[in-house]
$ cat upload-v2.txt   # compact mmCIF, N, CA and C atoms
# COMPACT_ATOMS: atom_id res chain seq x y z
N MET A 361 22.11 1.89 -10.94
CA MET A 361 21.51 1.28 -12.10
C MET A 361 20.01 1.12 -11.86
N ASP A 362 19.20 1.49 -12.83
CA ASP A 362 17.75 1.38 -12.73
C ASP A 362 17.33 -0.02 -13.14
N GLU A 363 16.84 -0.81 -12.17
CA GLU A 363 16.45 -2.16 -12.50
C GLU A 363 15.03 -2.18 -13.04
N ALA A 364 14.74 -3.16 -13.88
CA ALA A 364 13.43 -3.28 -14.49
C ALA A 364 12.38 -3.53 -13.41
N ARG A 365 11.24 -2.95 -13.61
CA ARG A 365 10.14 -3.08 -12.65
C ARG A 365 8.91 -3.57 -13.39
N LEU A 366 8.15 -4.40 -12.74
CA LEU A 366 6.89 -4.85 -13.33
C LEU A 366 5.99 -3.65 -13.59
N PRO A 367 5.21 -3.68 -14.67
CA PRO A 367 4.22 -2.62 -14.86
C PRO A 367 3.29 -2.60 -13.65
N THR A 368 2.91 -1.43 -13.22
CA THR A 368 2.13 -1.28 -12.00
C THR A 368 0.81 -2.05 -12.06
N GLY A 369 0.14 -2.02 -13.20
CA GLY A 369 -1.14 -2.74 -13.32
C GLY A 369 -0.98 -4.23 -13.06
N LEU A 370 0.09 -4.81 -13.55
CA LEU A 370 0.36 -6.23 -13.33
C LEU A 370 0.70 -6.49 -11.87
N TRP A 371 1.51 -5.62 -11.27
CA TRP A 371 1.89 -5.75 -9.86
C TRP A 371 0.65 -5.69 -8.97
N VAL A 372 -0.26 -4.75 -9.25
CA VAL A 372 -1.48 -4.60 -8.47
C VAL A 372 -2.35 -5.86 -8.61
N SER A 373 -2.47 -6.38 -9.82
CA SER A 373 -3.27 -7.59 -10.03
C SER A 373 -2.72 -8.75 -9.21
N ALA A 374 -1.40 -8.87 -9.14
CA ALA A 374 -0.78 -9.94 -8.35
C ALA A 374 -1.06 -9.75 -6.86
N LEU A 375 -0.99 -8.51 -6.37
CA LEU A 375 -1.28 -8.23 -4.96
C LEU A 375 -2.72 -8.61 -4.62
N VAL A 376 -3.65 -8.19 -5.46
CA VAL A 376 -5.07 -8.50 -5.23
C VAL A 376 -5.28 -10.01 -5.23
N ARG A 377 -4.65 -10.70 -6.15
CA ARG A 377 -4.80 -12.16 -6.23
C ARG A 377 -4.23 -12.85 -4.99
N ARG A 378 -3.05 -12.40 -4.51
CA ARG A 378 -2.46 -12.98 -3.29
C ARG A 378 -3.42 -12.84 -2.11
N ALA A 379 -4.01 -11.66 -1.97
CA ALA A 379 -4.95 -11.42 -0.87
C ALA A 379 -6.17 -12.33 -1.00
N GLN A 380 -6.72 -12.42 -2.19
CA GLN A 380 -7.91 -13.24 -2.39
C GLN A 380 -7.63 -14.72 -2.16
N LEU A 381 -6.49 -15.20 -2.59
CA LEU A 381 -6.14 -16.60 -2.38
C LEU A 381 -5.98 -16.94 -0.90
N ALA A 382 -5.63 -15.94 -0.10
CA ALA A 382 -5.45 -16.14 1.34
C ALA A 382 -6.75 -15.93 2.11
N GLY A 383 -7.85 -15.65 1.41
CA GLY A 383 -9.14 -15.50 2.06
C GLY A 383 -9.52 -14.08 2.43
N ALA A 384 -8.73 -13.10 2.05
CA ALA A 384 -9.05 -11.70 2.31
C ALA A 384 -9.78 -11.12 1.10
N SER A 385 -10.37 -9.97 1.30
CA SER A 385 -10.99 -9.25 0.19
C SER A 385 -10.05 -8.13 -0.24
N ALA A 386 -9.96 -7.89 -1.53
CA ALA A 386 -9.11 -6.82 -2.03
C ALA A 386 -9.81 -6.12 -3.18
N PHE A 387 -9.71 -4.79 -3.17
CA PHE A 387 -10.40 -3.97 -4.16
C PHE A 387 -9.47 -2.90 -4.68
N ILE A 388 -9.58 -2.60 -5.95
CA ILE A 388 -8.85 -1.48 -6.54
C ILE A 388 -9.79 -0.28 -6.46
N LEU A 389 -9.45 0.68 -5.61
CA LEU A 389 -10.29 1.86 -5.43
C LEU A 389 -10.01 2.93 -6.46
N GLN A 390 -8.77 2.97 -6.95
CA GLN A 390 -8.40 3.92 -7.99
C GLN A 390 -7.33 3.30 -8.86
N ARG A 391 -7.52 3.40 -10.15
CA ARG A 391 -6.52 2.93 -11.11
C ARG A 391 -5.67 4.12 -11.54
N GLY A 392 -4.37 3.91 -11.50
CA GLY A 392 -3.45 4.96 -11.92
C GLY A 392 -2.80 4.61 -13.23
N ASP A 393 -1.62 5.14 -13.46
CA ASP A 393 -0.85 4.85 -14.66
C ASP A 393 -0.50 3.36 -14.69
N ALA A 394 -0.87 2.69 -15.75
CA ALA A 394 -0.70 1.24 -15.84
C ALA A 394 0.76 0.80 -15.83
N GLU A 395 1.64 1.67 -16.24
CA GLU A 395 3.06 1.29 -16.33
C GLU A 395 3.88 1.69 -15.12
N ARG A 396 3.73 2.92 -14.65
CA ARG A 396 4.65 3.44 -13.63
C ARG A 396 3.99 4.13 -12.43
N GLY A 397 2.68 4.04 -12.30
CA GLY A 397 2.02 4.71 -11.18
C GLY A 397 2.44 4.14 -9.83
N ASP A 398 2.44 4.98 -8.81
CA ASP A 398 2.70 4.51 -7.44
C ASP A 398 1.45 3.83 -6.90
N VAL A 399 1.64 3.05 -5.84
CA VAL A 399 0.54 2.30 -5.25
C VAL A 399 0.46 2.60 -3.76
N LEU A 400 -0.71 2.94 -3.29
CA LEU A 400 -0.97 3.09 -1.87
C LEU A 400 -1.84 1.90 -1.47
N VAL A 401 -1.43 1.18 -0.44
CA VAL A 401 -2.16 -0.02 -0.01
C VAL A 401 -2.76 0.24 1.37
N LYS A 402 -4.07 0.14 1.45
CA LYS A 402 -4.78 0.28 2.72
C LYS A 402 -5.19 -1.11 3.19
N VAL A 403 -4.98 -1.37 4.47
CA VAL A 403 -5.42 -2.63 5.08
C VAL A 403 -6.44 -2.28 6.16
N ALA A 404 -7.69 -2.62 5.91
CA ALA A 404 -8.77 -2.39 6.88
C ALA A 404 -8.97 -3.66 7.69
N ARG A 405 -8.91 -3.52 9.01
CA ARG A 405 -9.05 -4.67 9.89
C ARG A 405 -10.52 -4.96 10.25
N LEU A 406 -11.42 -4.14 9.72
CA LEU A 406 -12.86 -4.31 9.92
C LEU A 406 -13.29 -4.12 11.38
N ASP A 407 -12.47 -3.38 12.14
CA ASP A 407 -12.81 -3.04 13.52
C ASP A 407 -12.69 -1.54 13.77
N GLY A 408 -12.64 -0.76 12.67
CA GLY A 408 -12.48 0.69 12.78
C GLY A 408 -11.04 1.16 12.71
N THR A 409 -10.10 0.20 12.64
CA THR A 409 -8.70 0.56 12.52
C THR A 409 -8.18 0.09 11.16
N ALA A 410 -7.09 0.72 10.75
CA ALA A 410 -6.51 0.39 9.45
C ALA A 410 -5.04 0.77 9.47
N GLN A 411 -4.34 0.31 8.46
CA GLN A 411 -2.97 0.72 8.18
C GLN A 411 -2.92 1.09 6.72
N ALA A 412 -1.96 1.89 6.36
CA ALA A 412 -1.74 2.19 4.96
C ALA A 412 -0.23 2.18 4.71
N PHE A 413 0.13 1.73 3.54
CA PHE A 413 1.52 1.58 3.16
C PHE A 413 1.77 2.32 1.86
N VAL A 414 2.86 3.09 1.84
CA VAL A 414 3.22 3.87 0.65
C VAL A 414 4.60 3.44 0.17
N PRO A 415 4.83 3.53 -1.14
CA PRO A 415 6.13 3.11 -1.66
C PRO A 415 7.24 4.08 -1.28
N SER A 416 8.41 3.53 -1.14
CA SER A 416 9.60 4.28 -0.82
C SER A 416 10.79 3.53 -1.40
N PHE A 417 11.98 4.00 -1.12
CA PHE A 417 13.19 3.32 -1.58
C PHE A 417 14.16 3.18 -0.43
N ASP A 418 14.80 2.04 -0.35
CA ASP A 418 15.86 1.83 0.62
C ASP A 418 17.06 2.63 0.13
N LEU A 419 17.50 3.58 0.92
CA LEU A 419 18.59 4.47 0.49
C LEU A 419 19.91 3.73 0.33
N ASP A 420 20.08 2.62 1.05
CA ASP A 420 21.32 1.86 0.95
C ASP A 420 21.39 1.01 -0.32
N THR A 421 20.25 0.39 -0.66
CA THR A 421 20.26 -0.55 -1.79
C THR A 421 19.55 -0.02 -3.04
N GLY A 422 18.70 0.99 -2.86
CA GLY A 422 17.92 1.49 -3.98
C GLY A 422 16.71 0.62 -4.28
N ALA A 423 16.47 -0.41 -3.46
CA ALA A 423 15.34 -1.31 -3.68
C ALA A 423 14.03 -0.64 -3.26
N ARG A 424 12.96 -1.03 -3.91
CA ARG A 424 11.63 -0.54 -3.57
C ARG A 424 11.19 -1.19 -2.27
N ILE A 425 10.69 -0.39 -1.34
CA ILE A 425 10.14 -0.86 -0.09
C ILE A 425 8.82 -0.14 0.13
N PHE A 426 8.09 -0.56 1.14
CA PHE A 426 6.87 0.13 1.52
C PHE A 426 7.01 0.59 2.96
N SER A 427 6.43 1.75 3.27
CA SER A 427 6.48 2.32 4.61
C SER A 427 5.07 2.46 5.16
N ASP A 428 4.90 2.06 6.40
CA ASP A 428 3.65 2.22 7.11
C ASP A 428 3.45 3.73 7.38
N LEU A 429 2.27 4.24 7.11
CA LEU A 429 2.00 5.66 7.35
C LEU A 429 2.13 6.04 8.82
N ALA A 430 2.09 5.07 9.71
CA ALA A 430 2.28 5.36 11.13
C ALA A 430 3.65 5.99 11.37
N LEU A 431 4.62 5.68 10.51
CA LEU A 431 5.95 6.29 10.61
C LEU A 431 5.91 7.78 10.31
N ARG A 432 4.86 8.22 9.62
CA ARG A 432 4.69 9.63 9.27
C ARG A 432 3.69 10.32 10.20
N GLY A 433 3.34 9.64 11.28
CA GLY A 433 2.45 10.24 12.27
C GLY A 433 0.97 10.11 11.97
N VAL A 434 0.61 9.28 10.99
CA VAL A 434 -0.81 9.10 10.67
C VAL A 434 -1.39 8.07 11.63
N ASP A 435 -2.46 8.42 12.30
CA ASP A 435 -3.13 7.56 13.27
C ASP A 435 -3.71 6.33 12.59
N SER A 436 -3.95 5.27 13.36
CA SER A 436 -4.45 4.03 12.78
C SER A 436 -5.98 3.96 12.70
N SER A 437 -6.67 5.07 12.96
CA SER A 437 -8.12 5.04 12.78
C SER A 437 -8.41 5.01 11.28
N GLU A 438 -9.42 4.23 10.93
CA GLU A 438 -9.76 4.13 9.51
C GLU A 438 -10.15 5.49 8.95
N GLU A 439 -10.78 6.31 9.75
CA GLU A 439 -11.19 7.66 9.32
C GLU A 439 -9.97 8.50 8.92
N GLU A 440 -8.93 8.48 9.74
CA GLU A 440 -7.73 9.27 9.43
C GLU A 440 -6.99 8.70 8.21
N ILE A 441 -6.93 7.39 8.11
CA ILE A 441 -6.30 6.75 6.94
C ILE A 441 -7.06 7.15 5.67
N ASP A 442 -8.39 7.10 5.72
CA ASP A 442 -9.19 7.47 4.55
C ASP A 442 -8.99 8.93 4.16
N ALA A 443 -8.86 9.81 5.15
CA ALA A 443 -8.62 11.22 4.86
C ALA A 443 -7.26 11.39 4.17
N TYR A 444 -6.24 10.69 4.64
CA TYR A 444 -4.92 10.75 4.01
C TYR A 444 -5.01 10.26 2.56
N ILE A 445 -5.71 9.15 2.36
CA ILE A 445 -5.84 8.58 1.01
C ILE A 445 -6.54 9.57 0.09
N GLN A 446 -7.58 10.23 0.56
CA GLN A 446 -8.28 11.20 -0.28
C GLN A 446 -7.35 12.34 -0.69
N ARG A 447 -6.54 12.83 0.25
CA ARG A 447 -5.59 13.90 -0.10
C ARG A 447 -4.57 13.39 -1.13
N ALA A 448 -4.11 12.16 -0.96
CA ALA A 448 -3.15 11.59 -1.91
C ALA A 448 -3.78 11.43 -3.29
N ARG A 449 -5.03 11.01 -3.34
CA ARG A 449 -5.73 10.86 -4.62
C ARG A 449 -5.90 12.22 -5.31
N ASP A 450 -6.18 13.26 -4.53
CA ASP A 450 -6.34 14.60 -5.08
C ASP A 450 -5.04 15.12 -5.68
N ARG A 451 -3.90 14.74 -5.06
CA ARG A 451 -2.59 15.21 -5.52
C ARG A 451 -2.06 14.45 -6.73
N ASP A 452 -2.40 13.15 -6.85
CA ASP A 452 -1.75 12.29 -7.83
C ASP A 452 -2.77 11.46 -8.60
N SER A 453 -3.09 11.88 -9.81
CA SER A 453 -4.07 11.15 -10.61
C SER A 453 -3.51 9.82 -11.14
N ASP A 454 -2.19 9.63 -11.09
CA ASP A 454 -1.58 8.37 -11.52
C ASP A 454 -1.48 7.35 -10.40
N LEU A 455 -1.96 7.70 -9.21
CA LEU A 455 -1.86 6.83 -8.04
C LEU A 455 -2.86 5.69 -8.12
N TRP A 456 -2.39 4.49 -7.81
CA TRP A 456 -3.26 3.33 -7.62
C TRP A 456 -3.57 3.25 -6.12
N VAL A 457 -4.82 2.96 -5.78
CA VAL A 457 -5.20 2.75 -4.39
C VAL A 457 -5.85 1.38 -4.29
N VAL A 458 -5.26 0.53 -3.45
CA VAL A 458 -5.77 -0.82 -3.23
C VAL A 458 -6.21 -0.92 -1.77
N GLU A 459 -7.41 -1.44 -1.55
CA GLU A 459 -7.88 -1.68 -0.18
C GLU A 459 -8.00 -3.18 0.03
N ILE A 460 -7.37 -3.64 1.10
CA ILE A 460 -7.46 -5.04 1.51
C ILE A 460 -8.24 -5.08 2.81
N GLU A 461 -9.25 -5.92 2.86
CA GLU A 461 -10.01 -6.10 4.09
C GLU A 461 -9.61 -7.44 4.68
N ASP A 462 -8.99 -7.38 5.87
CA ASP A 462 -8.48 -8.60 6.49
C ASP A 462 -8.46 -8.40 8.00
N ARG A 463 -9.23 -9.19 8.72
CA ARG A 463 -9.31 -9.06 10.18
C ARG A 463 -7.95 -9.27 10.86
N GLU A 464 -7.04 -10.01 10.21
CA GLU A 464 -5.71 -10.25 10.76
C GLU A 464 -4.74 -9.10 10.46
N GLY A 465 -5.13 -8.19 9.60
CA GLY A 465 -4.28 -7.05 9.27
C GLY A 465 -3.13 -7.37 8.34
N ARG A 466 -3.27 -8.43 7.55
CA ARG A 466 -2.19 -8.81 6.63
C ARG A 466 -2.18 -7.88 5.41
N HIS A 467 -0.98 -7.49 4.98
CA HIS A 467 -0.88 -6.57 3.84
C HIS A 467 -0.56 -7.28 2.53
N PHE A 468 -0.01 -8.46 2.55
CA PHE A 468 0.30 -9.29 1.39
C PHE A 468 1.37 -8.70 0.47
N LEU A 469 2.09 -7.71 0.96
CA LEU A 469 3.21 -7.16 0.20
C LEU A 469 4.39 -8.13 0.30
N VAL A 470 5.08 -8.34 -0.80
CA VAL A 470 6.26 -9.20 -0.78
C VAL A 470 7.54 -8.38 -0.65
N GLU A 471 7.43 -7.07 -0.87
CA GLU A 471 8.57 -6.17 -0.71
C GLU A 471 8.81 -5.95 0.78
N PRO A 472 10.01 -5.53 1.15
CA PRO A 472 10.26 -5.16 2.56
C PRO A 472 9.31 -4.04 2.98
N VAL A 473 8.87 -4.10 4.24
CA VAL A 473 7.93 -3.13 4.77
C VAL A 473 8.51 -2.53 6.04
N GLU A 474 8.60 -1.19 6.07
CA GLU A 474 9.03 -0.46 7.28
C GLU A 474 7.80 -0.19 8.13
N THR A 475 7.86 -0.59 9.39
CA THR A 475 6.79 -0.33 10.33
C THR A 475 7.40 0.27 11.59
N PRO A 476 6.60 0.83 12.46
CA PRO A 476 7.16 1.36 13.72
C PRO A 476 7.89 0.27 14.52
N GLU A 477 7.45 -0.98 14.39
CA GLU A 477 8.06 -2.08 15.14
C GLU A 477 9.46 -2.41 14.63
N ASN A 478 9.69 -2.31 13.32
CA ASN A 478 11.00 -2.72 12.78
C ASN A 478 11.85 -1.56 12.32
N ASN A 479 11.43 -0.33 12.58
CA ASN A 479 12.20 0.85 12.18
C ASN A 479 13.02 1.33 13.38
N THR A 480 14.31 1.13 13.29
CA THR A 480 15.16 1.52 14.42
C THR A 480 15.97 2.74 14.12

$ encode --input "upload-v2.txt" --output "structure tokens"
Amino acid sequence: MDEARLPTGLWVSALVRRAQLAGASAFILQRGDAERGDVLVKVARLDGTAQAFVPSFDLDTGARIFSDLALRGVDSSEEEIDAYIQRARDRDSDLWVVEIEDREGRHFLVEPVETPENNT
């Protein structure tokens, strides 16, 4: 069953607000389809390293989750993350790209997140 999903523009606004309320900076680098566009979230730690998270689905539950690009072999250098984001932007004009700047590396996603640490 396809469950209702928040429009992407509203979801992105909530993510940006959560980051800002916690003292981080958040920027929308690219606006995609307001209703159904995918979202790529970059977290810059302001030390030359970063993480990026892309949407996925839990195959068991069908729920929306996010996956750390490190699971796909993308290095944590900000340069490599930025190169991946540019390729993704070139492929998908409906893609939203959000950058969060946070020295603690917090992503502020409320959905489950797959990372190398919790992916068994």

$ atom_distance --input "upload-v2.txt" --atom1 "atom CA of A:Ala443" --atom2 "atom CA of A:Thr409"
13.1 Å

$ residues_around --input "upload-v2.txt" --residues "A:Leu406" --least-positions-apart "6" --cutoff "8 Å" --atoms "only C-alpha atoms" --output "list in words"
Glu461, Asp462 and Arg463 of chain A

$ write_last_selection --input "upload-v2.txt" --atoms "N, CA and C atoms" --output "mmCIF file, in the coordinates of the input"
data_model
loop_
_atom_site.group_PDB
_atom_site.id
_atom_site.type_symbol
_atom_site.label_atom_id
_atom_site.label_comp_id
_atom_site.auth_asym_id
_atom_site.auth_seq_id
_atom_site.Cartn_x
_atom_site.Cartn_y
_atom_site.Cartn_z
ATOM 1 N N GLU A 461 -9.250 -5.920 2.860
ATOM 2 C CA GLU A 461 -10.010 -6.100 4.090
ATOM 3 C C GLU A 461 -9.610 -7.440 4.680
ATOM 4 N N ASP A 462 -8.990 -7.380 5.870
ATOM 5 C CA ASP A 462 -8.480 -8.600 6.490
ATOM 6 C C ASP A 462 -8.460 -8.400 8.000
ATOM 7 N N ARG A 463 -9.230 -9.190 8.720
ATOM 8 C CA ARG A 463 -9.310 -9.060 10.180
ATOM 9 C C ARG A 463 -7.950 -9.270 10.860
#

$ closest_residue --input "upload-v2.txt" --among "A:Ala430, A:Val473, A:Ile460, A:Leu419" --to "A:Ala379" --atoms "all atoms listed in the file"
A:Ile460

$ closest_residue --input "upload-v2.txt" --among "A:Leu469, A:Ile445, A:Leu381, A:Ala423" --to "A:Val457" --atoms "all atoms listed in the file"
A:Ile445

$ select_by_dssp --input "upload-v2.txt" --residues "chain A" --states "helix (DSSP H, G or I)" --output "PyMOL selection string"
chain A and resi 368-381+429-432+438-451

$ closest_atom_pairs --input "upload-v2.txt" --of "stretch 404-457 of chain A" --to "stretch 392-396 of chain A" --cutoff "8 Å" --atoms "only N, CA and C atoms" --output "tab-separated table"
residue	atom	partner	partner_atom	distance
A:Asp452	C	A:Gly392	CA	7.3
A:Ser453	C	A:Gly392	CA	4.9
A:Asp454	C	A:Gly392	CA	3.5
A:Leu455	C	A:Gly392	CA	3.9
A:Trp456	CA	A:Gly392	N	4.1
A:Val457	N	A:Gly392	N	5.8

$ closest_residue --input "upload-v2.txt" --among "A:Asn478, A:Val470, A:Gly369, A:Ser436" --to "A:Gly408" --atoms "all atoms listed in the file"
A:Ser436

$ atom_distance --input "upload-v2.txt" --atom1 "atom CA of A:Leu366" --atom2 "atom C of A:Gln446"
25.7 Å

$ select_by_dssp --input "upload-v2.txt" --residues "stretch 412-464 of chain A" --states "strand (DSSP E or B)" --output "PyMOL selection string"
chain A and resi 412-417+424-428+437+456-461

$ closest_residue --input "upload-v2.txt" --among "A:Phe468, A:Phe426, A:Thr421, A:Pro367" --to "A:Gly397" --atoms "only N, CA and C atoms"
A:Pro367

$ axis_aligned_box --input "upload-v2.txt" --around "stretch 442-453 of chain A" --padding-each-side "6 Å" --output "AutoDock Vina command-line options"
--center_x -5.5 --center_y 11.2 --center_z -2.7 --size_x 19.4 --size_y 20.1 --size_z 28.9

$ atom_distance --input "upload-v2.txt" --atom1 "atom CA of A:Ile441" --atom2 "atom CA of A:Ala412"
6.7 Å
